[in-house]
Amino acid sequence: MHIMEGYLPPEWAAFWYVFAIPFLVYGALRVKRIIEEKPSMKSLIAVSAGFIFVLSALKLPSVTGSCSHPTGTGIAVVFFGPAVTALLSAIVLLYQALLLAHGGITTLGANTASMGVIGPFVGWIAFKLLKNVNFRVAVFAAAMLSDLVTYVVTSLQLALAFPSSAGVAGIIKSAATFMGIFAVTQVPLSIIEGVVAVMLVSYIFEVRSDVLEVVKA
Amino acid sequence: MKKLLLLLILLIFAAKVTAEEWAGADEKAEEVIKELKPDYEPWFSPIFEPPSGEIESMLFSLQAAIGSLIIGYFLGYYRGLKHARNA
């Protein structure tokens with residue numbers, strides 16, 4: 001889902017920075033509050049960040065014949081919600097932009113918006129709706145949707161910047177093309193991510209029953 | 001759940017692979033951009049690029065290693081805590 005360095009026109013790069021920054025600031029404030037008020041949750045921030053680090057480093061082959069990576073934001077969404085997820089995602093995206101030439105500084109705003117803000121937000125809503133119905137299904141949906149929606153957003157971001165012709169029709173056509181690359185590839189990968197997230201969250205609850213009460217509340 | 005995972009892995013291997021086998025989706029998107037807007041010039045290039053594929057793999061592995069180290073450390077710590085509480 002990384003939009004490569006320089007591949008968003010300056011006005012769109014600026015737009016997505018302006019969009020993402022408030023979430024990052026709010027996320028940082030939330031992290032500060034969690035550390036001060038709920039020290040027992042502190043280490044779970046590190047675990048959530050670790051999950052993003054691992055999963056977004058794995059470029060997996062998918063049914064379309066191309067490779068893509070999961071986002072790993074599901075755990076952070078389940079434990080802390082989308083704002084903290086935005087901050088943790090930005091850290092990983094910065095690592096990849098600076099050291100791996102994956103994504104970039106100019107596209108960091110756009111990539112944070114998709115992977116850290118909009119995707120996790122949709123996953124978080126699904127989690128909230130489902131958590132009292134079936135907790136495992138809720139975790140699965142949170143992780144899967146955070147991942148999949150991230151790639152849908154990336155497709156839309158590229159379509160907005162590169163419409164195939166003027167007007168809305170061009171944007172829709174471009175969006176379909178980009179989704180053919182990103183979203184289709186991502187379907188099986190996001191399912192895998194959902195399954196892995198359920199396994200990890202289940203284990204954490206097994207050893208940390210106190211966390212279960214905090215999250216379910 | 002394990003069956004589902006197995007099925008997915010099978011699906012991946014059964015996939016029909018055409019021309020550009022297992023290329024990254026990011027690079028494919030780059031090609032589409034070049035088709036849609038042939039005169040588009042990236043206006044900024046990465047400050048640092050891994051000098052070779054090997055170094056890139058190394059940095060990706062490092063990223064995964066950092067993540068799994070953190071997860072493993074705390075899962076072990078939680079397990080130990082639970083054990084100590086029950087003892």
# chains A, B, ... in the order shown; residues from 1 in each chain; ligands from 1
>>> interface_residues(of="chain A", to="chain B", cutoff="8 Å", atoms="only C-alpha atoms", output="ChimeraX atom specification")
/A:1-9,43,46-47,49-59,61-68,97-101,104-106,162-164,178,181-182,185,188,192,195,204,207-208
>>> select_by_dssp(residues="stretch 56-146 of chain A", states="alpha helix (DSSP H)", output="number ranges by chain")
A: 74-80, 82-99, 108-111, 119-130, 135-146
>>> residues_around(residues="stretch 114-118 of chain A", least_positions_apart="3", cutoff="8 Å", atoms="only C-alpha atoms", output="list of chain:residue names")
A:Met1, A:Ala20, A:Phe23, A:Thr71, A:Thr73, A:Pro82, A:Ala83, A:Thr85, A:Ala86, A:Leu87, A:Leu88, A:Ser89, A:Ala90, A:Ala110, A:Asn111, A:Phe121, A:Val122, A:Ser146, A:Asp147, A:Val149, A:Thr150, A:Tyr151, A:Val153, A:Thr154
>>> write_last_selection(atoms="N, CA and C atoms", output="compact mmCIF listing (two decimals), in the first residue's frame")
# COMPACT_ATOMS: atom_id res chain seq x y z
N MET A 1 0.81 -1.21 0.00
CA MET A 1 0.00 0.00 0.00
C MET A 1 0.84 1.25 0.00
N ALA A 20 -3.72 13.75 8.17
CA ALA A 20 -3.20 12.75 9.11
C ALA A 20 -2.68 13.35 10.42
N PHE A 23 -4.65 13.34 13.80
CA PHE A 23 -4.79 12.01 14.39
C PHE A 23 -3.51 11.60 15.11
N THR A 71 -0.99 -5.33 7.16
CA THR A 71 -0.62 -4.10 7.85
C THR A 71 -0.33 -4.32 9.34
N THR A 73 -2.22 -3.80 11.86
CA THR A 73 -2.75 -2.77 12.76
C THR A 73 -3.88 -3.28 13.64
N PRO A 82 -8.24 3.67 17.04
CA PRO A 82 -7.54 4.12 15.84
C PRO A 82 -6.48 5.22 16.06
N ALA A 83 -6.65 6.08 17.05
CA ALA A 83 -5.68 7.19 17.18
C ALA A 83 -4.28 6.66 17.53
N THR A 85 -3.25 3.71 16.98
CA THR A 85 -2.82 2.95 15.80
C THR A 85 -2.16 3.87 14.77
N ALA A 86 -2.72 5.08 14.62
CA ALA A 86 -2.15 6.03 13.65
C ALA A 86 -0.71 6.35 14.01
N LEU A 87 -0.47 6.60 15.30
CA LEU A 87 0.88 6.95 15.74
C LEU A 87 1.86 5.78 15.50
N LEU A 88 1.43 4.56 15.89
CA LEU A 88 2.30 3.40 15.74
C LEU A 88 2.57 3.11 14.26
N SER A 89 1.55 3.26 13.43
CA SER A 89 1.74 3.03 11.99
C SER A 89 2.73 4.03 11.41
N ALA A 90 2.62 5.28 11.86
CA ALA A 90 3.52 6.31 11.32
C ALA A 90 4.98 5.98 11.64
N ALA A 110 -0.09 10.53 3.26
CA ALA A 110 -1.10 9.69 2.58
C ALA A 110 -1.06 8.27 3.10
N ASN A 111 0.14 7.73 3.28
CA ASN A 111 0.26 6.36 3.75
C ASN A 111 -0.22 6.22 5.19
N PHE A 121 -9.85 2.84 11.49
CA PHE A 121 -11.12 3.40 11.96
C PHE A 121 -12.29 2.48 11.58
N VAL A 122 -12.26 2.00 10.34
CA VAL A 122 -13.32 1.08 9.90
C VAL A 122 -13.25 -0.22 10.71
N SER A 146 -9.24 -3.56 8.94
CA SER A 146 -8.18 -2.55 9.01
C SER A 146 -7.21 -2.75 7.86
N ASP A 147 -6.88 -4.00 7.58
CA ASP A 147 -5.95 -4.34 6.52
C ASP A 147 -6.55 -4.04 5.14
N VAL A 149 -9.29 -2.37 4.14
CA VAL A 149 -9.72 -1.00 3.85
C VAL A 149 -8.51 -0.10 3.58
N THR A 150 -7.39 -0.39 4.26
CA THR A 150 -6.16 0.37 3.99
C THR A 150 -5.84 0.36 2.50
N TYR A 151 -5.96 -0.81 1.89
CA TYR A 151 -5.59 -0.93 0.47
C TYR A 151 -6.65 -0.31 -0.43
N VAL A 153 -8.30 2.35 0.44
CA VAL A 153 -8.02 3.78 0.55
C VAL A 153 -6.83 4.17 -0.32
N THR A 154 -5.78 3.34 -0.30
CA THR A 154 -4.62 3.62 -1.16
C THR A 154 -5.05 3.72 -2.62
>>> atom_distance(atom1="atom CA of A:His69", atom2="atom CA of A:Leu212")
28.7 Å
